[in-house]
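Peer 1: Just one file: structure_0.cif, with mmCIF, C-alpha atoms.
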```
data_model
#
loop_
_atom_site.label_atom_id
_atom_site.label_comp_id
_atom_site.auth_asym_id
_atom_site.auth_seq_id
_atom_site.Cartn_x
_atom_site.Cartn_y
_atom_site.Cartn_z
CA MET A 1 31.16 22.61 -64.30
CA ALA A 2 27.65 23.56 -65.43
CA SER A 3 26.67 19.87 -65.32
CA GLN A 4 27.90 19.67 -61.70
CA SER A 5 25.69 22.63 -60.73
CA LEU A 6 22.75 21.02 -62.49
CA LYS A 7 23.26 17.70 -60.70
CA LEU A 8 23.39 19.48 -57.33
CA ALA A 9 20.21 21.41 -58.14
CA ILE A 10 18.42 18.16 -59.06
CA GLY A 11 19.79 16.56 -55.88
CA SER A 12 18.35 19.43 -53.83
CA LEU A 13 14.92 18.77 -55.27
CA VAL A 14 15.11 15.04 -54.47
CA VAL A 15 16.49 15.57 -50.95
CA GLY A 16 13.99 18.36 -50.25
CA THR A 17 11.07 16.13 -51.25
CA ILE A 18 12.27 13.28 -49.01
CA VAL A 19 12.82 15.60 -46.04
CA LEU A 20 9.41 17.22 -46.55
CA GLY A 21 7.76 13.81 -46.41
CA LEU A 22 9.58 12.91 -43.19
CA LYS A 23 8.83 16.23 -41.48
CA TYR A 24 5.17 16.14 -42.42
CA LEU A 25 5.02 12.59 -41.06
CA ALA A 26 6.50 13.86 -37.78
CA TYR A 27 3.85 16.60 -37.61
CA TRP A 28 1.07 14.12 -38.47
CA ILE A 29 2.21 11.75 -35.72
CA THR A 30 2.43 14.40 -32.99
CA GLY A 31 0.13 17.28 -33.97
CA SER A 32 2.89 19.67 -32.83
CA VAL A 33 2.71 23.20 -34.26
CA ALA A 34 6.49 23.47 -33.90
CA LEU A 35 6.92 20.42 -36.12
CA TYR A 36 4.32 21.95 -38.44
CA SER A 37 6.57 24.99 -38.74
CA ASP A 38 9.46 22.71 -39.63
CA ALA A 39 7.34 21.03 -42.32
CA VAL A 40 6.28 24.40 -43.78
CA GLU A 41 9.92 25.41 -44.10
CA SER A 42 10.57 22.16 -45.96
CA ILE A 43 7.80 23.05 -48.43
CA VAL A 44 9.75 26.24 -49.12
CA ASN A 45 12.90 24.15 -49.56
CA VAL A 46 11.23 22.11 -52.29
CA VAL A 47 9.86 25.18 -54.08
CA THR A 48 13.20 27.00 -53.92
CA ALA A 49 14.98 23.85 -55.15
CA VAL A 50 12.76 23.95 -58.24
CA VAL A 51 13.57 27.65 -58.71
CA ALA A 52 17.29 27.02 -58.23
CA LEU A 53 17.20 24.16 -60.75
CA GLY A 54 15.62 26.44 -63.35
CA ALA A 55 18.12 29.21 -62.62
CA VAL A 56 21.13 26.90 -62.88
CA ARG A 57 19.90 25.55 -66.23
CA ILE A 58 19.39 29.04 -67.65
CA ALA A 59 22.71 30.32 -66.25
CA ALA A 60 24.52 27.46 -68.02
CA LYS A 61 23.37 28.70 -71.44
CA PRO A 62 26.12 30.29 -73.53
CA ALA A 63 26.07 33.98 -74.43
CA ASP A 64 23.90 34.90 -77.42
CA ALA A 65 22.97 37.97 -79.47
CA ASN A 66 20.41 39.14 -76.92
CA HIS A 67 22.59 38.30 -73.90
CA PRO A 68 26.20 38.93 -75.01
CA PHE A 69 27.47 38.80 -71.41
CA GLY A 70 25.79 35.48 -70.70
CA HIS A 71 22.84 34.48 -68.48
CA HIS A 72 24.64 34.28 -65.13
CA LYS A 73 22.62 36.96 -63.36
CA VAL A 74 19.50 34.80 -63.44
CA GLU A 75 20.89 33.04 -60.35
CA TYR A 76 20.52 36.26 -58.38
CA PHE A 77 16.83 36.43 -59.37
CA SER A 78 16.50 32.87 -58.12
CA ALA A 79 18.04 33.85 -54.79
CA VAL A 80 15.63 36.82 -54.50
CA ILE A 81 12.66 34.48 -55.05
CA GLU A 82 14.05 32.15 -52.39
CA GLY A 83 14.35 35.04 -49.93
CA VAL A 84 10.74 36.09 -50.54
CA MET A 85 9.50 32.51 -50.14
CA ILE A 86 11.37 32.19 -46.85
CA VAL A 87 9.70 35.34 -45.50
CA VAL A 88 6.24 34.12 -46.59
CA ALA A 89 6.84 30.78 -44.83
CA ALA A 90 7.81 32.58 -41.61
CA LEU A 91 4.60 34.62 -41.67
CA LEU A 92 2.50 31.47 -42.19
CA ILE A 93 4.20 29.82 -39.20
CA ILE A 94 3.59 32.86 -36.97
CA HIS A 95 -0.08 32.85 -37.98
CA GLU A 96 -0.45 29.16 -37.04
CA ALA A 97 1.46 29.58 -33.78
CA TYR A 98 -0.67 32.55 -32.70
CA GLY A 99 -3.83 30.41 -32.51
CA ASN A 100 -2.07 27.70 -30.54
CA PHE A 101 -0.92 30.14 -27.84
CA PHE A 102 -4.57 30.31 -26.73
CA ASN A 103 -5.28 26.64 -27.29
CA ALA A 104 -2.09 24.85 -26.28
CA ARG A 105 -2.52 21.11 -26.20
CA ALA A 106 -0.38 18.12 -25.44
CA PHE A 107 0.80 16.20 -28.50
CA SER A 108 0.79 12.48 -29.06
CA ALA A 109 3.63 10.04 -29.72
CA PRO A 110 6.33 12.67 -29.15
CA ALA A 111 9.24 10.21 -29.14
CA GLU A 112 8.34 8.74 -32.55
CA GLY A 113 7.69 12.16 -34.05
CA LEU A 114 10.94 13.64 -32.76
CA ALA A 115 12.91 10.63 -34.02
CA VAL A 116 11.49 11.05 -37.53
CA ASN A 117 12.19 14.78 -37.45
CA ALA A 118 15.77 14.18 -36.25
CA LEU A 119 16.36 11.81 -39.19
CA ALA A 120 15.12 14.48 -41.61
CA SER A 121 17.40 17.06 -39.99
CA ALA A 122 20.43 14.78 -40.31
CA ILE A 123 19.78 14.35 -44.04
CA ASN A 124 19.44 18.13 -44.41
CA ALA A 125 22.68 18.75 -42.50
CA VAL A 126 24.73 16.57 -44.84
CA TRP A 127 23.13 18.05 -47.94
CA CYS A 128 23.42 21.72 -46.89
CA TRP A 129 27.15 21.23 -46.20
CA LEU A 130 27.55 19.75 -49.67
CA LEU A 131 25.58 22.57 -51.32
CA ILE A 132 27.50 25.38 -49.62
CA THR A 133 30.98 23.92 -50.21
CA ARG A 134 30.32 22.84 -53.81
CA GLY A 135 28.26 25.97 -54.57
CA LYS A 136 31.15 28.23 -53.50
CA ARG A 137 33.61 26.17 -55.53
CA LEU A 138 31.33 26.40 -58.60
CA ARG A 139 30.58 30.09 -57.82
CA SER A 140 26.83 29.50 -57.98
CA PRO A 141 24.77 32.06 -55.98
CA ALA A 142 21.62 29.94 -56.37
CA LEU A 143 23.22 26.81 -54.88
CA VAL A 144 24.90 28.73 -52.04
CA ALA A 145 21.62 30.51 -51.20
CA ASP A 146 19.82 27.15 -51.19
CA GLY A 147 22.50 25.66 -48.93
CA ARG A 148 22.43 28.55 -46.46
CA HIS A 149 18.67 28.31 -46.22
CA LEU A 150 19.00 24.59 -45.50
CA LEU A 151 21.57 25.39 -42.82
CA THR A 152 19.01 27.64 -41.13
CA ASP A 153 16.53 24.78 -41.41
CA VAL A 154 18.99 22.42 -39.72
CA VAL A 155 19.62 24.85 -36.84
CA SER A 156 15.92 25.52 -36.29
CA SER A 157 15.08 21.80 -36.51
CA GLY A 158 17.68 21.03 -33.87
CA GLY A 159 16.17 23.69 -31.62
CA VAL A 160 12.71 22.25 -32.18
CA VAL A 161 13.80 18.72 -31.26
CA VAL A 162 15.51 19.90 -28.06
CA GLY A 163 12.68 22.27 -27.13
CA LEU A 164 9.92 19.74 -27.68
CA GLY A 165 11.88 17.21 -25.65
CA LEU A 166 11.88 19.69 -22.76
CA ALA A 167 8.18 20.43 -23.30
CA VAL A 168 7.38 16.74 -22.92
CA MET A 169 9.62 16.29 -19.87
CA LEU A 170 8.29 19.41 -18.12
CA GLN A 171 4.71 18.93 -19.34
CA LEU A 172 4.56 22.47 -20.72
CA PRO A 173 2.58 22.36 -24.00
CA ILE A 174 2.83 26.18 -24.30
CA LEU A 175 6.45 25.66 -25.35
CA ASP A 176 5.19 24.16 -28.62
CA PRO A 177 3.84 27.40 -30.19
CA ALA A 178 6.65 29.39 -28.54
CA LEU A 179 9.19 27.23 -30.38
CA ALA A 180 7.27 27.72 -33.62
CA VAL A 181 7.61 31.50 -33.24
CA LEU A 182 11.34 31.17 -32.61
CA VAL A 183 11.65 29.07 -35.77
CA ALA A 184 9.75 31.74 -37.71
CA VAL A 185 12.06 34.52 -36.44
CA ASN A 186 15.09 32.45 -37.40
CA ILE A 187 13.62 31.90 -40.87
CA LEU A 188 12.93 35.63 -41.26
CA TRP A 189 16.57 36.41 -40.48
CA SER A 190 17.70 33.84 -43.04
CA GLY A 191 15.37 35.32 -45.65
CA TRP A 192 16.74 38.80 -45.02
CA GLN A 193 20.33 37.59 -45.46
CA VAL A 194 19.49 35.81 -48.74
CA LEU A 195 17.68 38.90 -50.07
CA LYS A 196 20.53 41.18 -49.04
CA GLU A 197 23.20 39.13 -50.79
CA SER A 198 21.20 38.53 -53.97
CA THR A 199 20.20 42.18 -54.39
CA SER A 200 23.88 43.14 -53.99
CA GLY A 201 24.62 40.94 -56.98
CA LEU A 202 21.81 42.49 -59.01
CA MET A 203 23.19 45.94 -58.16
CA ASP A 204 26.60 45.03 -59.62
CA GLU A 205 28.43 45.01 -56.30
CA ALA A 206 32.21 45.21 -56.61
CA VAL A 207 34.57 42.45 -55.47
CA SER A 208 35.89 42.49 -51.90
CA ASP A 209 38.78 44.79 -50.96
CA THR A 210 41.07 41.78 -50.66
CA THR A 211 40.21 40.54 -54.16
CA LEU A 212 40.54 44.05 -55.60
CA ALA A 213 44.00 44.44 -54.04
CA ARG A 214 45.05 41.11 -55.61
CA ILE A 215 43.73 42.22 -59.02
CA ARG A 216 45.66 45.49 -58.81
CA GLN A 217 48.81 43.64 -57.77
CA ILE A 218 48.51 41.27 -60.75
CA ILE A 219 48.00 44.18 -63.15
CA GLY A 220 51.06 45.98 -61.80
CA ALA A 221 53.22 42.84 -61.90
CA HIS A 222 52.43 42.01 -65.55
CA ALA A 223 52.19 45.45 -67.17
CA ASP A 224 55.89 45.95 -67.99
CA GLY A 225 56.16 48.56 -70.74
CA ALA A 226 53.02 50.44 -69.68
CA LEU A 227 53.01 53.56 -67.51
CA GLU A 228 49.96 53.09 -65.30
CA ALA A 229 46.53 51.51 -64.98
CA HIS A 230 43.71 53.60 -63.55
CA ASP A 231 39.93 53.51 -63.07
CA VAL A 232 39.97 49.80 -62.15
CA ARG A 233 36.36 48.68 -61.79
CA THR A 234 34.88 45.29 -60.96
CA ARG A 235 31.50 43.64 -60.58
CA HIS A 236 30.02 40.18 -60.09
CA ALA A 237 27.50 38.35 -62.28
CA GLY A 238 27.01 34.82 -61.02
CA LYS A 239 30.23 32.93 -61.71
CA LEU A 240 31.77 35.77 -63.69
CA THR A 241 33.91 38.58 -62.34
CA PHE A 242 34.01 41.55 -64.69
CA ILE A 243 37.22 43.60 -64.57
CA GLU A 244 37.81 46.75 -66.58
CA PHE A 245 40.45 49.47 -66.45
CA HIS A 246 42.40 52.02 -68.50
CA LEU A 247 45.99 51.15 -69.39
CA VAL A 248 48.29 54.11 -70.17
CA VAL A 249 51.20 53.40 -72.54
CA PRO A 250 53.92 55.61 -74.09
CA GLY A 251 52.66 57.60 -77.05
CA GLU A 252 55.24 56.14 -79.44
CA MET A 253 54.36 52.52 -78.55
CA SER A 254 52.94 50.48 -81.44
CA VAL A 255 49.51 48.88 -81.37
CA ASN A 256 51.11 45.42 -81.43
CA GLN A 257 53.26 46.20 -78.38
CA ALA A 258 50.29 47.59 -76.44
CA HIS A 259 48.27 44.54 -77.42
CA GLU A 260 50.98 42.20 -76.13
CA ILE A 261 50.90 43.93 -72.72
CA CYS A 262 47.11 43.57 -72.59
CA ASP A 263 47.35 39.87 -73.49
CA ARG A 264 49.93 39.33 -70.74
CA ILE A 265 47.75 41.04 -68.12
CA GLU A 266 44.63 39.17 -69.21
CA ALA A 267 46.41 35.81 -69.06
CA ALA A 268 47.64 36.53 -65.51
CA LEU A 269 44.20 37.63 -64.33
CA ARG A 270 42.54 34.55 -65.84
CA GLU A 271 45.16 32.32 -64.25
CA ASP A 272 44.12 33.78 -60.90
CA ASP A 273 40.40 33.53 -61.74
CA GLU A 274 39.35 31.54 -64.79
CA HIS A 275 35.92 33.19 -64.74
CA SER A 276 37.26 36.71 -65.27
CA TRP A 277 35.80 38.84 -68.07
CA ILE A 278 38.41 41.53 -68.78
CA THR A 279 38.10 44.79 -70.69
CA ILE A 280 41.18 47.02 -71.12
CA HIS A 281 41.03 50.50 -72.66
CA VAL A 282 44.47 51.56 -73.93
CA GLU A 283 45.33 55.27 -73.66
CA PRO A 284 48.35 57.42 -74.60
CA GLU A 285 50.57 58.89 -71.89
CA ASN A 286 48.90 62.32 -71.97
CA LYS A 287 45.84 60.59 -70.44
CA ALA A 288 47.76 59.52 -67.34
CA LYS A 289 46.15 60.42 -64.03
CA HIS A 290 49.17 59.46 -61.89
CA SER A 291 46.84 57.37 -59.73
CA GLY A 292 45.65 53.80 -59.59
CA VAL A 293 48.27 51.17 -60.41
CA VAL A 294 51.52 52.96 -61.32
CA VAL A 295 53.71 50.58 -63.32
CA LEU A 296 56.89 52.69 -63.56
#
```
Let's see the structure in the file written out as structure tokens.
Peer 2:
Amino acid sequence: MASQSLKLAIGSLVVGTIVLGLKYLAYWITGSVALYSDAVESIVNVVTAVVALGAVRIAAKPADANHPFGHHKVEYFSAVIEGVMIVVAALLIIHEAYGNFFNARAFSAPAEGLAVNALASAINAVWCWLLITRGKRLRSPALVADGRHLLTDVVSSGGVVVGLGLAVMLQLPILDPALAVLVAVNILWSGWQVLKESTSGLMDEAVSDTTLARIRQIIGAHADGALEAHDVRTRHAGKLTFIEFHLVVPGEMSVNQAHEICDRIEAALREDDEHSWITIHVEPENKAKHSGVVVL
């Protein structure tokens, strides 16, 4: 699974480099500031692909003495860097577009430039779909963040192609910098979403309510012999889902019997999610809170 993530990260770097070359060629052919904005975003794609590749390689390392819970959280740092880079790219585009509002000019060879840009966008569309679907399946925040950023790139590139086509037909060169600003705003929104999701992971955000309800149901269904489970807590760390709770058992129950119940619960939780990291604290019945998951 780690090798699959690594291959996708390397693929992102290769695809990003090809698309950057095509988009810069489109800008060079036309001189369009809107196509320049598209090329700048592709530079960010290449840089973030490098960051994602490094993060995926580190995240694949096994746990060690200094990192007993593994290296999975590094992918959230990668996503934060991607978010920051996206915001910086948007500001650079706005700066370039500002000057062109006062010096709008017609661009050359628009048909050729738009055709090249459309080809680059088509390549990006296929690759971003692959990254998002495979990234979710592999539970890789870095790959999903990279894919969502590419999706924003595809949407903005499509808008640029349509808008520049109208600018040529209507002979309105002012639409060129206006489109660049719209691209920048779209990029800023994408950057904010990436930053929001990655910081949630760094802050140990719990699983969704739906997932938590399923976890509680599994605990209750496989805890025969126990009295209750309370203080169920969860958090994400890259691919891993950490689950911990207190399991109350009868005071006269032996350690072996309590251990068998814990093994049964852990097996069921891992069958539901193979990336679960489970910690169960066994307590005697006088510690019952009569809340949480009541088994009896």
Peer 1: Using 10 Å as the limit and counting all atoms listed in the file, can you tabulate each residue of region 166-198 of chain A that touches region 123-145 of chain A, with its shortest atom-to-atom distance in Å and the two atoms involved, as JSON lines?
Peer 2:
```
{"residue": "A:Ser190", "atom": "CA", "partner": "A:Ala145", "partner_atom": "CA", "distance": 9.6}
{"residue": "A:Gly191", "atom": "CA", "partner": "A:Ala145", "partner_atom": "CA", "distance": 9.6}
{"residue": "A:Gln193", "atom": "CA", "partner": "A:Ala145", "partner_atom": "CA", "distance": 9.2}
{"residue": "A:Val194", "atom": "CA", "partner": "A:Ala145", "partner_atom": "CA", "distance": 6.2}
{"residue": "A:Leu195", "atom": "CA", "partner": "A:Ala145", "partner_atom": "CA", "distance": 9.3}
{"residue": "A:Glu197", "atom": "CA", "partner": "A:Ala145", "partner_atom": "CA", "distance": 8.8}
{"residue": "A:Ser198", "atom": "CA", "partner": "A:Pro141", "partner_atom": "CA", "distance": 7.7}
```
Peer 1: Give me the residues near Asp146 (chain A) as a VMD selection string, where near means some atom within 8 Å (using only C-alpha atoms) and where sequence neighbours in that chain fewer than 4 positions away do not count.
Peer 2: chain A and resid 45 48 to 49 52 79 82 128 131 142 150
Peer 1: What does the file look like for those residues with C-alpha atoms, as a tab-separated table (two decimals), keeping the file's coordinate frame?
Peer 2:
```
chain	number	residue	atom	x	y	z
A	45	ASN	CA	12.90	24.15	-49.56
A	48	THR	CA	13.20	27.00	-53.92
A	49	ALA	CA	14.98	23.85	-55.15
A	52	ALA	CA	17.29	27.02	-58.23
A	79	ALA	CA	18.04	33.85	-54.79
A	82	GLU	CA	14.05	32.15	-52.39
A	128	CYS	CA	23.42	21.72	-46.89
A	131	LEU	CA	25.58	22.57	-51.32
A	142	ALA	CA	21.62	29.94	-56.37
A	150	LEU	CA	19.00	24.59	-45.50
```
Peer 1: When you count all atoms listed in the file, which of these residues is closest to Ser5 (chain A): A:Ala55, A:Val44, A:Leu20, A:Asp64?
Peer 2: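 Smallest separation from Ser5 (chain A) among the options: A:Ala55.
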Peer 1: Between A:Asp204, A:Asp224, A:Asp176, A:Glu271, which residue has the minimum interatomic distance to Glu96 (chain A), considering all atoms listed in the file?
Peer 2: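 Under the stated criterion, the closest residue is A:Asp176.
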Peer 1: Work out how far CA of Pro173 (chain A) is from CA of Ala26 (chain A), in Å to one decimal.
Peer 2: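 CA of Pro173 (chain A) lies 16.7 Å from CA of Ala26 (chain A).
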Peer 1: Could you expand the PyMOL selection byres ((chain A and resi 261) around 12) into the explicit residues it covers here, written as a PyMOL selection string?
Peer 2: chain A and resi 219-229+247-249+253-260+262-268+280-282+295
Peer 1: List the residues matched by the PyMOL selection byres ((chain A and resi 53) around 10) in the displayed structure as a list in words, ordered by chain and then by residue number.
Peer 2: Ser5, Leu6, Lys7, Leu8, Ala9, Ile10, Gly11, Ser12, Leu13, Val47, Thr48, Ala49, Val50, Val51, Ala52, Gly54, Ala55, Val56, Arg57, Ile58, Ala59, Glu75, Ser78, Ala142 and Leu143 of chain A
Peer 1: Which residue, A:Leu91, A:Leu151, A:Val160, A:Val185, has the smallest gap to Leu35 (chain A) when you use all atoms listed in the file?
Peer 2: A:Val160
Peer 1: Name the residues captured by the PyMOL selection byres ((chain A and resi 121) around 10) when it is applied to the shown file; answer as a PDB file with C-alpha atoms, in the frame of the given file.
Peer 2:
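Printed below is selection24.pdb as written:
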```pdb
ATOM      1  CA  VAL A  19      12.820  15.600 -46.040  1.00  0.00           C
ATOM      2  CA  LEU A  22       9.580  12.910 -43.190  1.00  0.00           C
ATOM      3  CA  LYS A  23       8.830  16.230 -41.480  1.00  0.00           C
ATOM      4  CA  ASP A  38       9.460  22.710 -39.630  1.00  0.00           C
ATOM      5  CA  ALA A 115      12.910  10.630 -34.020  1.00  0.00           C
ATOM      6  CA  VAL A 116      11.490  11.050 -37.530  1.00  0.00           C
ATOM      7  CA  ASN A 117      12.190  14.780 -37.450  1.00  0.00           C
ATOM      8  CA  ALA A 118      15.770  14.180 -36.250  1.00  0.00           C
ATOM      9  CA  LEU A 119      16.360  11.810 -39.190  1.00  0.00           C
ATOM     10  CA  ALA A 120      15.120  14.480 -41.610  1.00  0.00           C
ATOM     11  CA  ALA A 122      20.430  14.780 -40.310  1.00  0.00           C
ATOM     12  CA  ILE A 123      19.780  14.350 -44.040  1.00  0.00           C
ATOM     13  CA  ASN A 124      19.440  18.130 -44.410  1.00  0.00           C
ATOM     14  CA  ALA A 125      22.680  18.750 -42.500  1.00  0.00           C
ATOM     15  CA  VAL A 126      24.730  16.570 -44.840  1.00  0.00           C
ATOM     16  CA  TRP A 127      23.130  18.050 -47.940  1.00  0.00           C
ATOM     17  CA  LEU A 150      19.000  24.590 -45.500  1.00  0.00           C
ATOM     18  CA  LEU A 151      21.570  25.390 -42.820  1.00  0.00           C
ATOM     19  CA  ASP A 153      16.530  24.780 -41.410  1.00  0.00           C
ATOM     20  CA  VAL A 154      18.990  22.420 -39.720  1.00  0.00           C
ATOM     21  CA  VAL A 155      19.620  24.850 -36.840  1.00  0.00           C
ATOM     22  CA  SER A 156      15.920  25.520 -36.290  1.00  0.00           C
ATOM     23  CA  SER A 157      15.080  21.800 -36.510  1.00  0.00           C
ATOM     24  CA  GLY A 158      17.680  21.030 -33.870  1.00  0.00           C
ATOM     25  CA  VAL A 161      13.800  18.720 -31.260  1.00  0.00           C
TER      26      VAL A 161
END
```
Peer 1: Which is closest to Val40 (chain A) among A:Leu164, A:Ala180, A:Leu114, A:Met169, if we use all atoms listed in the file?
Peer 2: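 Of the candidates, the smallest distance to Val40 (chain A) is held by A:Ala180.
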Peer 1: Can you complete the atoms of region 8-35 of chain A to N, CA and C atoms and list them as a PDB file, in the frame of the given file?
Peer 2:
```pdb
ATOM      1  N   LEU A   8      23.654  19.061 -58.711  1.00  0.00           N
ATOM      2  CA  LEU A   8      23.390  19.480 -57.330  1.00  0.00           C
ATOM      3  C   LEU A   8      21.989  20.061 -57.184  1.00  0.00           C
ATOM      4  N   ALA A   9      21.552  20.829 -58.185  1.00  0.00           N
ATOM      5  CA  ALA A   9      20.210  21.410 -58.140  1.00  0.00           C
ATOM      6  C   ALA A   9      19.147  20.314 -58.170  1.00  0.00           C
ATOM      7  N   ILE A  10      19.361  19.293 -59.005  1.00  0.00           N
ATOM      8  CA  ILE A  10      18.420  18.160 -59.060  1.00  0.00           C
ATOM      9  C   ILE A  10      18.453  17.401 -57.733  1.00  0.00           C
ATOM     10  N   GLY A  11      19.660  17.229 -57.180  1.00  0.00           N
ATOM     11  CA  GLY A  11      19.790  16.560 -55.880  1.00  0.00           C
ATOM     12  C   GLY A  11      19.036  17.292 -54.791  1.00  0.00           C
ATOM     13  N   SER A  12      19.073  18.629 -54.823  1.00  0.00           N
ATOM     14  CA  SER A  12      18.350  19.430 -53.830  1.00  0.00           C
ATOM     15  C   SER A  12      16.856  19.170 -53.891  1.00  0.00           C
ATOM     16  N   LEU A  13      16.356  19.032 -55.099  1.00  0.00           N
ATOM     17  CA  LEU A  13      14.920  18.770 -55.270  1.00  0.00           C
ATOM     18  C   LEU A  13      14.560  17.397 -54.697  1.00  0.00           C
ATOM     19  N   VAL A  14      15.380  16.400 -54.969  1.00  0.00           N
ATOM     20  CA  VAL A  14      15.110  15.040 -54.470  1.00  0.00           C
ATOM     21  C   VAL A  14      15.200  15.003 -52.945  1.00  0.00           C
ATOM     22  N   VAL A  15      16.291  15.566 -52.406  1.00  0.00           N
ATOM     23  CA  VAL A  15      16.490  15.570 -50.950  1.00  0.00           C
ATOM     24  C   VAL A  15      15.383  16.369 -50.264  1.00  0.00           C
ATOM     25  N   GLY A  16      15.034  17.525 -50.840  1.00  0.00           N
ATOM     26  CA  GLY A  16      13.990  18.360 -50.250  1.00  0.00           C
ATOM     27  C   GLY A  16      12.653  17.638 -50.178  1.00  0.00           C
ATOM     28  N   THR A  17      12.335  16.871 -51.220  1.00  0.00           N
ATOM     29  CA  THR A  17      11.070  16.130 -51.250  1.00  0.00           C
ATOM     30  C   THR A  17      11.058  15.040 -50.178  1.00  0.00           C
ATOM     31  N   ILE A  18      12.181  14.336 -50.033  1.00  0.00           N
ATOM     32  CA  ILE A  18      12.270  13.280 -49.010  1.00  0.00           C
ATOM     33  C   ILE A  18      12.140  13.867 -47.608  1.00  0.00           C
ATOM     34  N   VAL A  19      12.855  14.966 -47.360  1.00  0.00           N
ATOM     35  CA  VAL A  19      12.820  15.600 -46.040  1.00  0.00           C
ATOM     36  C   VAL A  19      11.433  16.148 -45.736  1.00  0.00           C
ATOM     37  N   LEU A  20      10.782  16.728 -46.741  1.00  0.00           N
ATOM     38  CA  LEU A  20       9.410  17.220 -46.550  1.00  0.00           C
ATOM     39  C   LEU A  20       8.489  16.095 -46.110  1.00  0.00           C
ATOM     40  N   GLY A  21       8.601  14.951 -46.777  1.00  0.00           N
ATOM     41  CA  GLY A  21       7.760  13.810 -46.410  1.00  0.00           C
ATOM     42  C   GLY A  21       7.998  13.366 -44.970  1.00  0.00           C
ATOM     43  N   LEU A  22       9.256  13.326 -44.559  1.00  0.00           N
ATOM     44  CA  LEU A  22       9.580  12.910 -43.190  1.00  0.00           C
ATOM     45  C   LEU A  22       9.067  13.921 -42.163  1.00  0.00           C
ATOM     46  N   LYS A  23       9.251  15.212 -42.450  1.00  0.00           N
ATOM     47  CA  LYS A  23       8.830  16.230 -41.480  1.00  0.00           C
ATOM     48  C   LYS A  23       7.309  16.316 -41.377  1.00  0.00           C
ATOM     49  N   TYR A  24       6.638  16.145 -42.503  1.00  0.00           N
ATOM     50  CA  TYR A  24       5.170  16.140 -42.420  1.00  0.00           C
ATOM     51  C   TYR A  24       4.678  14.916 -41.658  1.00  0.00           C
ATOM     52  N   LEU A  25       5.370  13.796 -41.817  1.00  0.00           N
ATOM     53  CA  LEU A  25       5.020  12.590 -41.060  1.00  0.00           C
ATOM     54  C   LEU A  25       5.196  12.841 -39.565  1.00  0.00           C
ATOM     55  N   ALA A  26       6.271  13.543 -39.187  1.00  0.00           N
ATOM     56  CA  ALA A  26       6.500  13.860 -37.780  1.00  0.00           C
ATOM     57  C   ALA A  26       5.391  14.749 -37.231  1.00  0.00           C
ATOM     58  N   TYR A  27       4.968  15.725 -38.038  1.00  0.00           N
ATOM     59  CA  TYR A  27       3.850  16.600 -37.610  1.00  0.00           C
ATOM     60  C   TYR A  27       2.559  15.801 -37.503  1.00  0.00           C
ATOM     61  N   TRP A  28       2.304  14.909 -38.464  1.00  0.00           N
ATOM     62  CA  TRP A  28       1.070  14.120 -38.470  1.00  0.00           C
ATOM     63  C   TRP A  28       1.016  13.189 -37.256  1.00  0.00           C
ATOM     64  N   ILE A  29       2.164  12.664 -36.870  1.00  0.00           N
ATOM     65  CA  ILE A  29       2.210  11.750 -35.720  1.00  0.00           C
ATOM     66  C   ILE A  29       1.927  12.491 -34.415  1.00  0.00           C
ATOM     67  N   THR A  30       2.485  13.694 -34.279  1.00  0.00           N
ATOM     68  CA  THR A  30       2.430  14.400 -32.990  1.00  0.00           C
ATOM     69  C   THR A  30       1.366  15.481 -32.899  1.00  0.00           C
ATOM     70  N   GLY A  31       1.040  16.128 -34.008  1.00  0.00           N
ATOM     71  CA  GLY A  31       0.130  17.280 -33.970  1.00  0.00           C
ATOM     72  C   GLY A  31       0.812  18.532 -33.449  1.00  0.00           C
ATOM     73  N   SER A  32       2.135  18.542 -33.373  1.00  0.00           N
ATOM     74  CA  SER A  32       2.890  19.670 -32.830  1.00  0.00           C
ATOM     75  C   SER A  32       2.960  20.822 -33.834  1.00  0.00           C
ATOM     76  N   VAL A  33       2.629  22.042 -33.391  1.00  0.00           N
ATOM     77  CA  VAL A  33       2.710  23.200 -34.260  1.00  0.00           C
ATOM     78  C   VAL A  33       4.170  23.555 -34.558  1.00  0.00           C
ATOM     79  N   ALA A  34       5.070  23.230 -33.644  1.00  0.00           N
ATOM     80  CA  ALA A  34       6.490  23.470 -33.900  1.00  0.00           C
ATOM     81  C   ALA A  34       6.989  22.565 -35.035  1.00  0.00           C
ATOM     82  N   LEU A  35       6.555  21.318 -35.022  1.00  0.00           N
ATOM     83  CA  LEU A  35       6.920  20.420 -36.120  1.00  0.00           C
ATOM     84  C   LEU A  35       6.204  20.816 -37.403  1.00  0.00           C
TER      85      LEU A  35
END
```
